[in-house]
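**Student:** Hey, dropping run_5.txt in here, compact mmCIF, C-alpha atoms and all ligand atoms:
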```
# COMPACT_ATOMS: atom_id res chain seq x y z
CA MET A 1 49.73 -134.93 77.39
CA ALA A 2 48.14 -137.55 75.17
CA LYS A 3 44.77 -136.46 73.83
CA SER A 4 42.17 -138.98 74.86
CA ASP A 5 39.66 -140.36 72.40
CA LEU A 6 37.20 -140.45 75.30
CA GLN A 7 34.81 -137.52 75.45
CA PRO A 8 31.85 -136.83 77.73
CA ALA A 9 28.72 -138.52 76.38
CA ARG A 10 26.73 -136.30 74.02
CA GLY A 11 24.56 -133.83 75.90
CA THR A 12 26.43 -134.22 79.18
CA HIS A 13 28.91 -131.77 80.65
CA ASP A 14 31.40 -131.54 83.46
CA LEU A 15 30.88 -128.92 86.14
CA ILE A 16 34.29 -127.52 86.90
CA GLY A 17 35.61 -124.31 88.43
CA GLU A 18 33.46 -121.25 87.79
CA GLU A 19 30.70 -123.34 86.26
CA PHE A 20 30.48 -125.52 89.33
CA ARG A 21 30.41 -122.45 91.59
CA ARG A 22 27.49 -120.97 89.64
CA HIS A 23 25.65 -124.27 89.82
CA ARG A 24 26.31 -124.65 93.53
CA HIS A 25 25.25 -121.07 94.25
CA VAL A 26 21.89 -121.63 92.53
CA ALA A 27 21.20 -124.84 94.45
CA ASP A 28 22.35 -123.42 97.80
CA THR A 29 20.28 -120.27 97.38
CA ALA A 30 17.19 -122.26 96.44
CA ARG A 31 17.74 -124.57 99.40
CA ARG A 32 18.07 -121.63 101.79
CA VAL A 33 15.08 -119.64 100.49
CA SER A 34 12.74 -122.63 100.16
CA ALA A 35 13.52 -123.49 103.80
CA LEU A 36 12.18 -120.04 104.74
CA TYR A 37 8.86 -121.15 103.28
CA GLY A 38 8.90 -124.40 105.23
CA PHE A 39 10.08 -126.75 102.49
CA GLU A 40 12.08 -129.78 103.65
CA GLU A 41 14.60 -131.35 101.29
CA TRP A 42 14.11 -134.85 99.92
CA ALA A 43 16.41 -136.90 97.76
CA THR A 44 14.69 -139.65 95.78
CA PRO A 45 16.53 -142.15 93.53
CA ILE A 46 17.67 -141.00 90.11
CA PHE A 47 16.15 -144.10 88.54
CA GLU A 48 12.72 -145.53 89.10
CA ASP A 49 10.46 -148.29 87.84
CA THR A 50 9.54 -147.08 84.34
CA ARG A 51 5.86 -147.10 85.26
CA VAL A 52 6.41 -144.22 87.71
CA PHE A 53 6.92 -141.97 84.67
CA ALA A 54 5.19 -143.75 81.80
CA ARG A 55 1.91 -143.91 83.67
CA THR A 56 1.86 -140.32 84.83
CA LEU A 57 3.66 -137.97 82.47
CA GLY A 58 1.27 -138.73 79.61
CA GLU A 59 1.97 -141.00 76.65
CA THR A 60 1.67 -138.12 74.19
CA SER A 61 4.10 -135.86 76.09
CA ASP A 62 7.49 -135.26 74.45
CA VAL A 63 9.17 -136.67 77.51
CA VAL A 64 7.46 -140.05 77.42
CA SER A 65 7.14 -140.38 73.66
CA LYS A 66 10.76 -139.66 72.79
CA GLU A 67 12.99 -138.40 75.57
CA MET A 68 13.16 -141.06 78.29
CA TYR A 69 16.31 -143.02 79.09
CA THR A 70 14.65 -146.39 79.59
CA PHE A 71 16.46 -149.69 79.77
CA GLU A 72 16.13 -153.17 81.10
CA ASP A 73 18.44 -153.88 84.02
CA ARG A 74 20.24 -157.18 84.46
CA GLY A 75 17.27 -158.62 86.31
CA GLY A 76 14.92 -157.85 83.44
CA GLU A 77 13.15 -154.93 85.16
CA SER A 78 12.40 -151.86 83.06
CA VAL A 79 13.90 -148.82 84.76
CA THR A 80 14.10 -145.18 83.67
CA LEU A 81 16.55 -142.44 84.57
CA ARG A 82 14.27 -139.78 86.01
CA PRO A 83 13.36 -137.10 83.45
CA GLU A 84 11.81 -134.87 86.14
CA GLY A 85 11.33 -134.78 89.90
CA THR A 86 7.62 -134.54 90.61
CA ALA A 87 6.64 -138.13 89.80
CA GLY A 88 9.36 -139.50 92.09
CA ALA A 89 8.29 -137.18 94.93
CA CYS A 90 4.69 -138.39 94.62
CA ARG A 91 5.81 -142.00 94.45
CA ALA A 92 7.88 -141.41 97.61
CA LEU A 93 4.94 -139.81 99.41
CA VAL A 94 2.85 -142.91 98.71
CA THR A 95 5.43 -145.64 99.30
CA ASN A 96 6.65 -144.07 102.55
CA GLY A 97 3.09 -143.94 103.87
CA LEU A 98 3.07 -140.16 104.14
CA THR A 99 -0.24 -139.50 102.44
CA GLN A 100 -2.26 -139.06 105.64
CA ALA A 101 -0.25 -137.35 108.35
CA ASN A 102 1.13 -133.87 108.30
CA LEU A 103 -0.34 -132.60 105.07
CA PRO A 104 0.50 -130.52 103.23
CA ARG A 105 4.03 -131.84 102.76
CA LYS A 106 6.31 -129.18 101.37
CA VAL A 107 9.26 -130.72 99.60
CA PHE A 108 12.36 -129.24 97.98
CA TYR A 109 14.76 -131.24 95.79
CA ALA A 110 17.84 -130.64 93.69
CA GLY A 111 19.61 -133.08 91.41
CA PRO A 112 20.30 -134.47 87.96
CA MET A 113 17.57 -135.27 85.42
CA PHE A 114 17.92 -137.13 82.11
CA ARG A 115 16.19 -136.58 78.80
CA TYR A 116 17.23 -137.80 75.37
CA GLU A 117 17.06 -134.42 73.61
CA ARG A 118 18.97 -132.71 70.83
CA PRO A 119 21.71 -130.91 72.76
CA GLN A 120 21.98 -127.14 72.32
CA LYS A 121 22.63 -124.12 74.51
CA GLY A 122 20.54 -124.56 77.65
CA ARG A 123 19.39 -128.04 76.62
CA TYR A 124 21.27 -131.14 77.71
CA ARG A 125 20.73 -134.85 78.13
CA GLN A 126 21.88 -134.74 81.72
CA PHE A 127 20.81 -131.49 83.30
CA HIS A 128 19.96 -130.47 86.84
CA GLN A 129 16.82 -129.17 88.43
CA ILE A 130 15.74 -127.59 91.65
CA GLY A 131 12.08 -127.98 92.49
CA CYS A 132 9.43 -127.32 95.13
CA GLU A 133 6.25 -129.31 95.67
CA VAL A 134 3.33 -128.68 98.03
CA MET A 135 1.54 -132.02 98.30
CA GLY A 136 -1.90 -132.26 99.89
CA ALA A 137 -3.23 -128.70 99.56
CA ALA A 138 -6.26 -127.85 97.45
CA GLU A 139 -6.28 -124.12 98.17
CA PRO A 140 -5.21 -121.40 95.70
CA LEU A 141 -2.98 -120.00 98.44
CA ALA A 142 -0.70 -123.03 97.98
CA ASP A 143 -0.30 -122.18 94.27
CA ALA A 144 0.48 -118.56 95.09
CA GLU A 145 2.95 -119.46 97.81
CA VAL A 146 4.87 -121.96 95.75
CA ILE A 147 5.13 -119.39 92.95
CA ALA A 148 6.21 -116.69 95.43
CA CYS A 149 8.95 -119.00 96.67
CA GLY A 150 10.24 -119.50 93.12
CA TRP A 151 10.21 -115.77 92.54
CA HIS A 152 11.95 -115.13 95.87
CA ILE A 153 14.72 -117.55 94.85
CA GLN A 154 15.22 -115.60 91.62
CA GLN A 155 15.35 -112.36 93.60
CA ALA A 156 17.94 -113.84 95.93
CA LEU A 157 19.96 -114.80 92.84
CA GLY A 158 19.60 -111.26 91.50
CA ILE A 159 18.07 -112.41 88.21
CA GLU A 160 14.38 -111.56 88.67
CA SER A 161 14.53 -108.42 86.52
CA GLY A 162 15.42 -110.60 83.53
CA THR A 163 12.47 -112.99 83.84
CA VAL A 164 8.70 -112.61 83.51
CA LEU A 165 6.14 -114.79 85.26
CA GLU A 166 3.37 -115.92 82.93
CA ILE A 167 0.33 -117.64 84.39
CA ASN A 168 -2.70 -119.42 83.02
CA THR A 169 -5.41 -121.77 84.18
CA LEU A 170 -6.11 -125.17 82.67
CA GLY A 171 -9.36 -125.32 84.63
CA ASP A 172 -10.94 -128.34 86.25
CA ALA A 173 -11.97 -131.53 84.42
CA PRO A 174 -15.34 -130.24 83.07
CA SER A 175 -13.70 -126.99 81.88
CA ARG A 176 -10.97 -128.94 80.14
CA ASP A 177 -13.41 -131.36 78.48
CA ALA A 178 -15.34 -128.45 76.98
CA TYR A 179 -12.11 -126.74 75.92
CA ARG A 180 -10.75 -129.92 74.41
CA ALA A 181 -13.83 -130.21 72.17
CA ALA A 182 -13.39 -126.59 71.04
CA LEU A 183 -9.72 -127.21 70.23
CA VAL A 184 -10.40 -130.41 68.31
CA ALA A 185 -12.97 -128.56 66.17
CA PHE A 186 -10.55 -125.68 65.56
CA PHE A 187 -7.51 -127.77 64.69
CA ARG A 188 -9.50 -130.20 62.57
CA ASP A 189 -10.42 -127.26 60.36
CA ALA A 190 -6.72 -126.51 59.96
CA GLY A 191 -6.29 -129.90 58.28
CA ASP A 192 -2.84 -130.52 56.86
CA ARG A 193 -1.55 -127.09 57.83
CA LEU A 194 -1.00 -128.81 61.18
CA SER A 195 2.30 -130.67 61.58
CA GLU A 196 2.16 -134.42 61.34
CA GLU A 197 3.08 -134.79 64.99
CA SER A 198 0.27 -132.49 66.07
CA ARG A 199 -2.22 -134.26 63.83
CA GLY A 200 -1.31 -137.42 65.73
CA ARG A 201 -2.15 -135.64 68.96
CA LEU A 202 -5.42 -134.15 67.77
CA GLU A 203 -7.63 -136.93 69.09
CA LYS A 204 -5.50 -138.09 72.01
CA ASN A 205 -4.55 -134.77 73.52
CA PRO A 206 -5.27 -131.58 71.59
CA LEU A 207 -4.01 -129.39 74.47
CA ARG A 208 -0.56 -130.71 73.72
CA ILE A 209 -0.70 -128.94 70.33
CA LEU A 210 -0.63 -125.59 72.16
CA ASP A 211 2.86 -126.53 73.37
CA SER A 212 4.16 -127.50 69.91
CA LYS A 213 7.50 -126.02 68.90
CA ASP A 214 6.77 -126.39 65.16
CA PRO A 215 6.71 -122.89 63.58
CA GLY A 216 3.66 -123.66 61.42
CA ASP A 217 1.78 -124.97 64.46
CA ARG A 218 2.75 -121.91 66.45
CA ALA A 219 1.09 -119.65 63.90
CA LEU A 220 -2.12 -121.69 64.12
CA VAL A 221 -1.96 -121.79 67.90
CA ALA A 222 -1.91 -118.00 68.01
CA ALA A 223 -5.43 -117.99 66.58
CA ALA A 224 -6.75 -120.97 68.59
CA PRO A 225 -9.60 -120.49 71.08
CA THR A 226 -8.70 -119.90 74.73
CA ILE A 227 -10.06 -121.75 77.73
CA ALA A 228 -11.64 -118.68 79.36
CA PRO A 229 -15.20 -119.10 77.95
CA HIS A 230 -15.16 -122.77 78.94
CA LEU A 231 -14.20 -122.34 82.59
CA THR A 232 -16.69 -123.53 85.18
CA GLU A 233 -17.58 -121.14 87.97
CA ALA A 234 -15.46 -123.11 90.41
CA ALA A 235 -12.43 -123.04 88.09
CA SER A 236 -12.79 -119.28 87.59
CA ALA A 237 -13.05 -118.72 91.32
CA PHE A 238 -9.91 -120.78 91.88
CA TYR A 239 -7.96 -118.78 89.33
CA ASP A 240 -9.19 -115.52 90.91
CA GLY A 241 -7.94 -116.77 94.26
CA VAL A 242 -4.47 -117.46 92.88
CA ARG A 243 -4.21 -114.02 91.26
CA ARG A 244 -5.50 -112.26 94.38
CA ALA A 245 -2.91 -113.97 96.56
CA LEU A 246 -0.10 -113.22 94.06
CA ASP A 247 -1.14 -109.56 94.09
CA ARG A 248 -1.11 -109.53 97.87
CA LEU A 249 2.32 -111.21 97.95
CA GLY A 250 3.62 -108.59 95.53
CA VAL A 251 4.59 -111.11 92.83
CA PRO A 252 4.32 -109.50 89.38
CA TYR A 253 2.84 -111.66 86.58
CA ARG A 254 1.41 -111.53 83.10
CA GLU A 255 -1.50 -113.69 82.00
CA ASN A 256 -0.79 -115.87 78.98
CA PRO A 257 -3.71 -118.06 77.85
CA ARG A 258 -1.38 -120.15 75.64
CA ILE A 259 0.58 -121.72 78.45
CA VAL A 260 0.08 -125.43 78.85
CA ARG A 261 2.64 -127.60 80.52
CA GLY A 262 4.65 -130.29 78.77
CA LEU A 263 3.37 -133.06 81.03
CA ASP A 264 -0.18 -134.34 81.19
CA TYR A 265 -0.82 -134.29 84.90
CA TYR A 266 -1.65 -130.61 85.33
CA SER A 267 -4.95 -128.88 86.11
CA HIS A 268 -5.89 -125.35 87.20
CA THR A 269 -2.76 -123.22 87.57
CA ALA A 270 0.01 -123.44 84.98
CA PHE A 271 2.93 -121.00 85.02
CA GLU A 272 6.35 -120.31 83.58
CA PHE A 273 9.09 -117.84 84.32
CA VAL A 274 10.47 -116.92 80.90
CA THR A 275 13.42 -114.87 79.75
CA GLU A 276 14.54 -113.40 76.46
CA ARG A 277 18.18 -113.83 77.36
CA LEU A 278 18.56 -117.53 76.55
CA GLY A 279 17.33 -117.71 72.95
CA ALA A 280 15.03 -120.62 72.20
CA GLN A 281 15.51 -122.11 75.67
CA GLY A 282 13.55 -119.25 77.26
CA THR A 283 11.76 -121.07 80.09
CA VAL A 284 13.76 -121.14 83.30
CA MET A 285 11.16 -122.23 85.86
CA ALA A 286 7.86 -123.93 85.18
CA GLY A 287 5.12 -125.67 87.06
CA GLY A 288 1.51 -125.95 87.98
CA ARG A 289 -1.15 -127.83 89.87
CA TYR A 290 -1.28 -131.62 89.59
CA ASP A 291 -4.30 -132.81 91.51
CA GLY A 292 -4.46 -136.35 90.12
CA LEU A 293 -0.84 -137.47 90.23
CA VAL A 294 -0.59 -138.98 93.72
CA GLU A 295 -3.73 -140.99 93.01
CA GLU A 296 -2.14 -142.38 89.88
CA MET A 297 0.73 -143.61 92.06
CA GLY A 298 -1.84 -145.56 94.08
CA GLY A 299 -2.34 -143.00 96.85
CA PRO A 300 -5.49 -141.21 98.01
CA PRO A 301 -6.64 -137.99 96.31
CA THR A 302 -3.87 -135.52 97.16
CA PRO A 303 -4.18 -132.18 95.39
CA SER A 304 -0.72 -130.71 94.86
CA VAL A 305 1.18 -127.91 93.17
CA GLY A 306 4.83 -127.30 92.38
CA TRP A 307 7.52 -126.16 89.97
CA ALA A 308 10.91 -127.14 88.66
CA ALA A 309 13.71 -124.99 87.30
CA GLY A 310 16.78 -125.83 85.28
CA ILE A 311 19.92 -125.06 87.28
CA GLU A 312 21.96 -124.62 84.07
CA ARG A 313 19.53 -122.02 82.74
CA LEU A 314 19.41 -120.14 86.06
CA SER A 315 23.22 -120.27 86.21
CA MET A 316 23.49 -118.67 82.79
CA LEU A 317 21.38 -115.74 84.02
CA LEU A 318 23.63 -115.04 87.01
CA GLU A 319 25.40 -111.71 86.69
CA ALA A 320 28.73 -113.09 87.89
CA ALA A 321 30.04 -116.38 89.19
CA PRO A 322 30.64 -116.46 92.94
CA ALA A 323 34.34 -116.01 93.65
CA ALA A 324 36.44 -118.99 94.62
CA PRO A 325 37.61 -118.82 98.24
CA ARG A 326 41.06 -117.22 98.58
CA PRO A 327 43.30 -119.36 100.76
CA VAL A 328 46.11 -118.46 103.09
CA ALA A 329 49.34 -120.10 101.90
CA VAL A 330 51.57 -121.46 104.63
CA ILE A 331 55.19 -121.73 103.55
CA ALA A 332 58.07 -123.40 105.37
CA VAL A 333 61.54 -122.04 104.65
CA GLY A 334 63.98 -124.86 105.16
CA GLU A 335 63.32 -128.43 106.14
CA ALA A 336 63.51 -127.75 109.87
CA ALA A 337 60.44 -125.48 109.72
CA GLU A 338 58.21 -127.97 107.92
CA GLY A 339 56.74 -129.45 111.08
CA ALA A 340 55.89 -126.02 112.46
CA ALA A 341 54.32 -125.07 109.12
CA LEU A 342 52.18 -128.20 109.21
CA ASP A 343 51.01 -127.32 112.73
CA ALA A 344 50.20 -123.77 111.63
CA VAL A 345 48.18 -124.74 108.51
CA GLN A 346 46.13 -127.24 110.49
CA ALA A 347 45.48 -124.74 113.29
CA LEU A 348 44.19 -122.26 110.70
CA ARG A 349 41.84 -124.84 109.17
CA ARG A 350 40.53 -125.77 112.62
CA ALA A 351 39.83 -122.08 113.17
CA GLY A 352 37.78 -121.97 109.94
CA VAL A 353 40.39 -120.27 107.74
CA VAL A 354 40.89 -121.70 104.23
CA ALA A 355 44.60 -122.60 104.21
CA GLU A 356 46.98 -124.50 101.96
CA ILE A 357 50.51 -125.71 102.41
CA ALA A 358 52.92 -125.93 99.50
CA TYR A 359 54.33 -129.46 99.21
CA LYS A 360 57.68 -128.68 97.67
CA GLY A 361 60.13 -126.13 96.26
CA ASN A 362 62.14 -123.21 97.58
CA LEU A 363 60.61 -119.99 98.90
CA LYS A 364 60.33 -118.48 95.42
CA ARG A 365 58.59 -121.55 93.99
CA ARG A 366 56.23 -121.70 96.91
CA MET A 367 55.37 -118.01 96.63
CA GLU A 368 54.60 -118.53 92.92
CA ARG A 369 52.27 -121.35 93.81
CA ALA A 370 50.57 -119.13 96.43
CA ASN A 371 49.97 -116.47 93.77
CA ARG A 372 48.58 -119.00 91.33
CA LEU A 373 46.11 -120.14 94.00
CA GLY A 374 44.99 -116.53 94.40
CA ALA A 375 46.10 -116.62 98.05
CA ARG A 376 45.25 -113.51 100.03
CA ALA A 377 48.09 -113.95 102.49
CA ALA A 378 51.23 -115.98 103.00
CA VAL A 379 52.41 -117.27 106.36
CA ILE A 380 56.15 -117.80 106.12
CA ILE A 381 57.93 -119.81 108.78
CA GLY A 382 61.72 -120.07 108.83
CA GLU A 383 64.06 -121.30 111.53
CA GLU A 384 64.36 -117.88 113.12
CA GLU A 385 60.58 -117.36 113.32
CA MET A 386 60.15 -120.87 114.61
CA ALA A 387 62.53 -120.25 117.46
CA ALA A 388 60.52 -117.15 118.39
CA GLY A 389 57.17 -118.97 118.12
CA ALA A 390 56.18 -116.58 115.33
CA ALA A 391 55.71 -116.30 111.56
CA GLN A 392 56.02 -113.67 108.88
CA LEU A 393 52.54 -112.70 107.77
CA ARG A 394 52.53 -111.21 104.28
CA ASP A 395 49.42 -109.53 102.95
CA LEU A 396 49.59 -110.47 99.26
CA ASP A 397 47.21 -107.70 98.15
CA ALA A 398 48.84 -104.85 100.07
CA GLY A 399 52.36 -106.25 99.84
CA THR A 400 52.99 -105.53 103.52
CA GLN A 401 54.68 -107.96 105.90
CA GLU A 402 55.00 -108.22 109.66
CA ARG A 403 55.99 -110.68 112.32
CA VAL A 404 53.05 -112.23 114.17
CA PRO A 405 53.10 -114.73 117.08
CA LEU A 406 51.81 -118.16 115.91
CA ALA A 407 49.16 -118.07 118.62
CA GLU A 408 47.64 -114.92 117.09
CA LEU A 409 47.64 -116.06 113.46
CA ALA A 410 44.14 -117.53 113.32
CA GLU A 411 42.58 -114.50 114.93
CA ARG A 412 44.41 -112.16 112.54
CA LEU A 413 43.30 -114.15 109.50
CA ALA A 414 39.73 -115.01 110.51
P1 LIG B 1 11.33 -126.94 77.25
O1 LIG B 1 10.06 -126.35 76.75
O2 LIG B 1 12.48 -125.97 77.27
O3 LIG B 1 11.67 -128.25 76.63
P2 LIG B 1 10.05 -128.37 79.38
O4 LIG B 1 8.64 -127.90 79.33
O5 LIG B 1 10.38 -129.67 78.78
O6 LIG B 1 11.04 -127.24 78.79
P3 LIG B 1 9.93 -128.85 82.21
O7 LIG B 1 9.69 -130.29 82.07
O8 LIG B 1 8.84 -127.98 82.66
O9 LIG B 1 10.58 -128.28 80.86
O10 LIG B 1 11.21 -128.64 83.16
C1 LIG B 1 11.35 -127.47 83.97
C2 LIG B 1 12.62 -126.74 83.64
O11 LIG B 1 13.73 -127.62 83.54
C3 LIG B 1 12.63 -126.01 82.31
O12 LIG B 1 11.98 -124.80 82.41
C4 LIG B 1 14.12 -125.83 82.07
O13 LIG B 1 14.63 -124.75 82.82
C5 LIG B 1 14.68 -127.12 82.61
N1 LIG B 1 14.92 -128.09 81.54
C6 LIG B 1 14.03 -128.94 80.96
N2 LIG B 1 14.63 -129.72 80.04
C7 LIG B 1 15.94 -129.36 80.04
C8 LIG B 1 17.11 -129.82 79.32
N3 LIG B 1 17.03 -130.80 78.43
N4 LIG B 1 18.29 -129.22 79.57
C9 LIG B 1 18.38 -128.22 80.49
N5 LIG B 1 17.34 -127.76 81.20
C10 LIG B 1 16.13 -128.33 80.99
MG MG B 2 11.23 -130.26 76.94
```
Translate the structure of the given file into structure tokens.
**Tutor:**
Amino acid sequence: MAKSDLQPARGTHDLIGEEFRRHRHVADTARRVSALYGFEEWATPIFEDTRVFARTLGETSDVVSKEMYTFEDRGGESVTLRPEGTAGACRALVTNGLTQANLPRKVFYAGPMFRYERPQKGRYRQFHQIGCEVMGAAEPLADAEVIACGWHIQQALGIESGTVLEINTLGDAPSRDAYRAALVAFFRDAGDRLSEESRGRLEKNPLRILDSKDPGDRALVAAAPTIAPHLTEAASAFYDGVRRALDRLGVPYRENPRIVRGLDYYSHTAFEFVTERLGAQGTVMAGGRYDGLVEEMGGPPTPSVGWAAGIERLSMLLEAAPAAPRPVAVIAVGEAAEGAALDAVQALRRAGVVAEIAYKGNLKRRMERANRLGARAAVIIGEEEMAAGAAQLRDLDAGTQERVPLAELAERLA
């Protein structure tokens, strides 16, 4: 075969075979478990008016400052391939007029996201996320429940022993203002030991420095003040409420005062599920409370909380890929039996049995094809069987074979 000079675009990947089955298993499991918590699935467009993201994710965030796929469409509108799912969900809540009735809205989504990043293991330019959002709930119980749902999904995937939940509070606005001042004072003292990028953020958004991936910054961050002494009474009480509910729900966690989220819209609860099994890309699920976001989309105050998780990273943690279904191979011996074989394969499919029919070749060829497909059984129909309204049913694992009436095939193979 000619080797093509066309390759997938940098940072994108095809999902084929085992990789697709892992991916699908993660999304299906998340869909099933989140439904148990009352989440309904939404699908919003994968591109939006650029302002949906630029306005809300924070101009100093990595995503907005250097990772967005933004372009002008043929009509001159600036559109952006969505880098995350929360902003679109909030936009949808507002533009569909759902900000009043039936709150809180509990929304699940799954789909592709796009960020212009340096590709590496667990980091792509097109990746996929699952996510849960509770929109219109100001109570700490909402934070705890959305976290419990994320943990439950990881349990259902059998990966929860490899991840640790780390939680923190970013407080309310007065807490954060006081903390911001303390951080600016601390990092200003560090002078040029701070990376250039972080120095740029010092005045605009010093909290962002806590999330820096620069090794020199990380050393400084380890000694930076924490928010705890700056929390208002109300912010402390909220954080207590979240921890109490997590304890009651049996969700294990570790407090980490260094956690801030990569996007600017968070307040109060911030959390990450981290793992040591994926090298530098150690965060698999992350989220927090975003009380101001719906308002920024032009809606009424709608306190909300949610998380997103990378499907690729979750997939990599799966112990084993789900097995591909093993079909039943229906094989006609001789041209005269082909019609009967076609009837039989279709009857099996109608009865819910995965079944394939070989298109060509003699019995030997067709049996080889059945083995390559990993078939669990072969249904062989020759002229003699056809006349008797029966087929040879061969169990390809046990190697046994017997004659079975066509009318009983589906029941035998179900
Ligand atoms: P990181 O610190 O790894 O860059 P982030 O803070 O940018 O992550 P979020 O915006 O919180 O990530 O997205 C939530 C989750 O989505 C991450 O925890 C991760 O599992 C996944 N994710 C984010 N960016 C990528 C990417 N480029 N490729 C694959 N998965 C990603
Ligand atoms: Mg990132």
**Student:** Please return as a PyMOL selection string the residues found within 9 Å of ligand MG 2 (chain B), counting only C-alpha atoms and all ligand atoms.
**Tutor:** chain A and resi 62-63+67+115+117+123+262
**Student:** To one decimal in Å, tell me the separation between CA of His128 (chain A) and CA of Asp49 (chain A).
**Tutor:** 20.2 Å
**Student:** To one decimal place in Å, what is the distance between CA of Glu59 (chain A) and CA of Leu210 (chain A)?
**Tutor:**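 Calculated distance between CA of Glu59 (chain A) and CA of Leu210 (chain A) is 16.3 Å.
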**Student:** So what do you get for CA of Gly389 (chain A) versus CA of Val404 (chain A), distance-wise?
**Tutor:**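 CA of Gly389 (chain A) sits 8.8 Å away from CA of Val404 (chain A).
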**Student:** For a cutoff of 10 Å around the file-coordinate point (58.5, -116.5, 106.8), which residues qualify once you count all atoms listed in the file? I'd like the result as a PyMOL selection string.
**Tutor:** chain A and resi 330-333+337+341+363+378-386+390-394+401-403
**Student:** Could you dump the residues just selected with C-alpha atoms as a PDB file, in the coordinates of the input?
**Tutor:**
```pdb
ATOM      1  CA  VAL A 330      51.570-121.460 104.630  1.00  0.00           C
ATOM      2  CA  ILE A 331      55.190-121.730 103.550  1.00  0.00           C
ATOM      3  CA  ALA A 332      58.070-123.400 105.370  1.00  0.00           C
ATOM      4  CA  VAL A 333      61.540-122.040 104.650  1.00  0.00           C
ATOM      5  CA  ALA A 337      60.440-125.480 109.720  1.00  0.00           C
ATOM      6  CA  ALA A 341      54.320-125.070 109.120  1.00  0.00           C
ATOM      7  CA  LEU A 363      60.610-119.990  98.900  1.00  0.00           C
ATOM      8  CA  ALA A 378      51.230-115.980 103.000  1.00  0.00           C
ATOM      9  CA  VAL A 379      52.410-117.270 106.360  1.00  0.00           C
ATOM     10  CA  ILE A 380      56.150-117.800 106.120  1.00  0.00           C
ATOM     11  CA  ILE A 381      57.930-119.810 108.780  1.00  0.00           C
ATOM     12  CA  GLY A 382      61.720-120.070 108.830  1.00  0.00           C
ATOM     13  CA  GLU A 383      64.060-121.300 111.530  1.00  0.00           C
ATOM     14  CA  GLU A 384      64.360-117.880 113.120  1.00  0.00           C
ATOM     15  CA  GLU A 385      60.580-117.360 113.320  1.00  0.00           C
ATOM     16  CA  MET A 386      60.150-120.870 114.610  1.00  0.00           C
ATOM     17  CA  ALA A 390      56.180-116.580 115.330  1.00  0.00           C
ATOM     18  CA  ALA A 391      55.710-116.300 111.560  1.00  0.00           C
ATOM     19  CA  GLN A 392      56.020-113.670 108.880  1.00  0.00           C
ATOM     20  CA  LEU A 393      52.540-112.700 107.770  1.00  0.00           C
ATOM     21  CA  ARG A 394      52.530-111.210 104.280  1.00  0.00           C
ATOM     22  CA  GLN A 401      54.680-107.960 105.900  1.00  0.00           C
ATOM     23  CA  GLU A 402      55.000-108.220 109.660  1.00  0.00           C
ATOM     24  CA  ARG A 403      55.990-110.680 112.320  1.00  0.00           C
TER      25      ARG A 403
END
```
**Student:** I need the residue nearest Leu141 (chain A) from this list: A:Arg277, A:Arg412, A:Arg289, A:Arg22. Use all atoms listed in the file for the distance.
**Tutor:**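 When distances to Leu141 (chain A) are compared using all atoms listed in the file, the smallest one comes from A:Arg289.
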**Student:** Just checking: using all atoms listed in the file, which residue out of A:Gly162, A:Glu295, A:Ser175, A:Glu145 ends up closest to Gly250 (chain A)?
**Tutor:** A:Glu145
**Student:** Restricting the calculation to all atoms listed in the file: of A:Glu133, A:Glu368, A:Glu411, A:Glu335, which residue gets closest to Ala351 (chain A)?
**Tutor:** A:Glu411
**Student:** Leaving out Gly292 (chain A) and any residue of its chain fewer than 3 positions from it, which residues lie within 7 Å of it when counting all atoms listed in the file, given as a list in words?
**Tutor:**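 Residues meeting the cut-off are Tyr265, Glu295, Glu296, Pro301 and Pro303 of chain A.
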**Student:** Write out, as a short mmCIF file (atom, residue, chain, number, x, y, z; two decimals), in the frame of the given file, the residues just selected, with C-alpha atoms.
**Tutor:**
```cif
data_model
loop_
_atom_site.label_atom_id
_atom_site.label_comp_id
_atom_site.auth_asym_id
_atom_site.auth_seq_id
_atom_site.Cartn_x
_atom_site.Cartn_y
_atom_site.Cartn_z
CA TYR A 265 -0.82 -134.29 84.90
CA GLU A 295 -3.73 -140.99 93.01
CA GLU A 296 -2.14 -142.38 89.88
CA PRO A 301 -6.64 -137.99 96.31
CA PRO A 303 -4.18 -132.18 95.39
#
```
**Student:** Choose the residue, out of A:Leu81, A:Ala324, A:Ala340, A:Ala144, that has the smallest atom-to-atom separation from Ile167 (chain A); count only C-alpha atoms.
**Tutor:** A:Ala144
**Student:** Smallest atom-to-atom distance to Leu406 (chain A): which of A:Ala101, A:Ala387, A:Ala54, A:Val164, using all atoms listed in the file?
**Tutor:**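 With all atoms listed in the file as the atom set, the closest residue is A:Ala387.
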**Student:** From the options A:Gly216, A:Pro257, A:Gly306, A:Pro140, which residue's atoms come nearest to Phe39 (chain A), counting all atoms listed in the file?
**Tutor:**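 Of A:Gly216, A:Pro257, A:Gly306, A:Pro140, the one nearest Phe39 (chain A), counting all atoms listed in the file, is A:Gly306.
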**Student:** I'd like the contact shell of Ala370 (chain A) - 10 Å cut-off, all atoms listed in the file, skipping same-chain residues fewer than 2 positions apart - returned as JSON, numbers by chain.
**Tutor:** {"A": [326, 327, 328, 329, 330, 331, 356, 357, 358, 364, 365, 366, 367, 368, 372, 373, 374, 375, 376, 377, 378, 396]}
**Student:** Excluding Val242 (chain A) and any residue of its chain fewer than 6 positions from it, enumerate the residues within 12 Å of it, using all atoms listed in the file, and give them as an MDAnalysis selection string.
**Tutor:** chainID A and resid 138:148 167:169 235:236 248:249 251 253 255 268:271 288:289 305
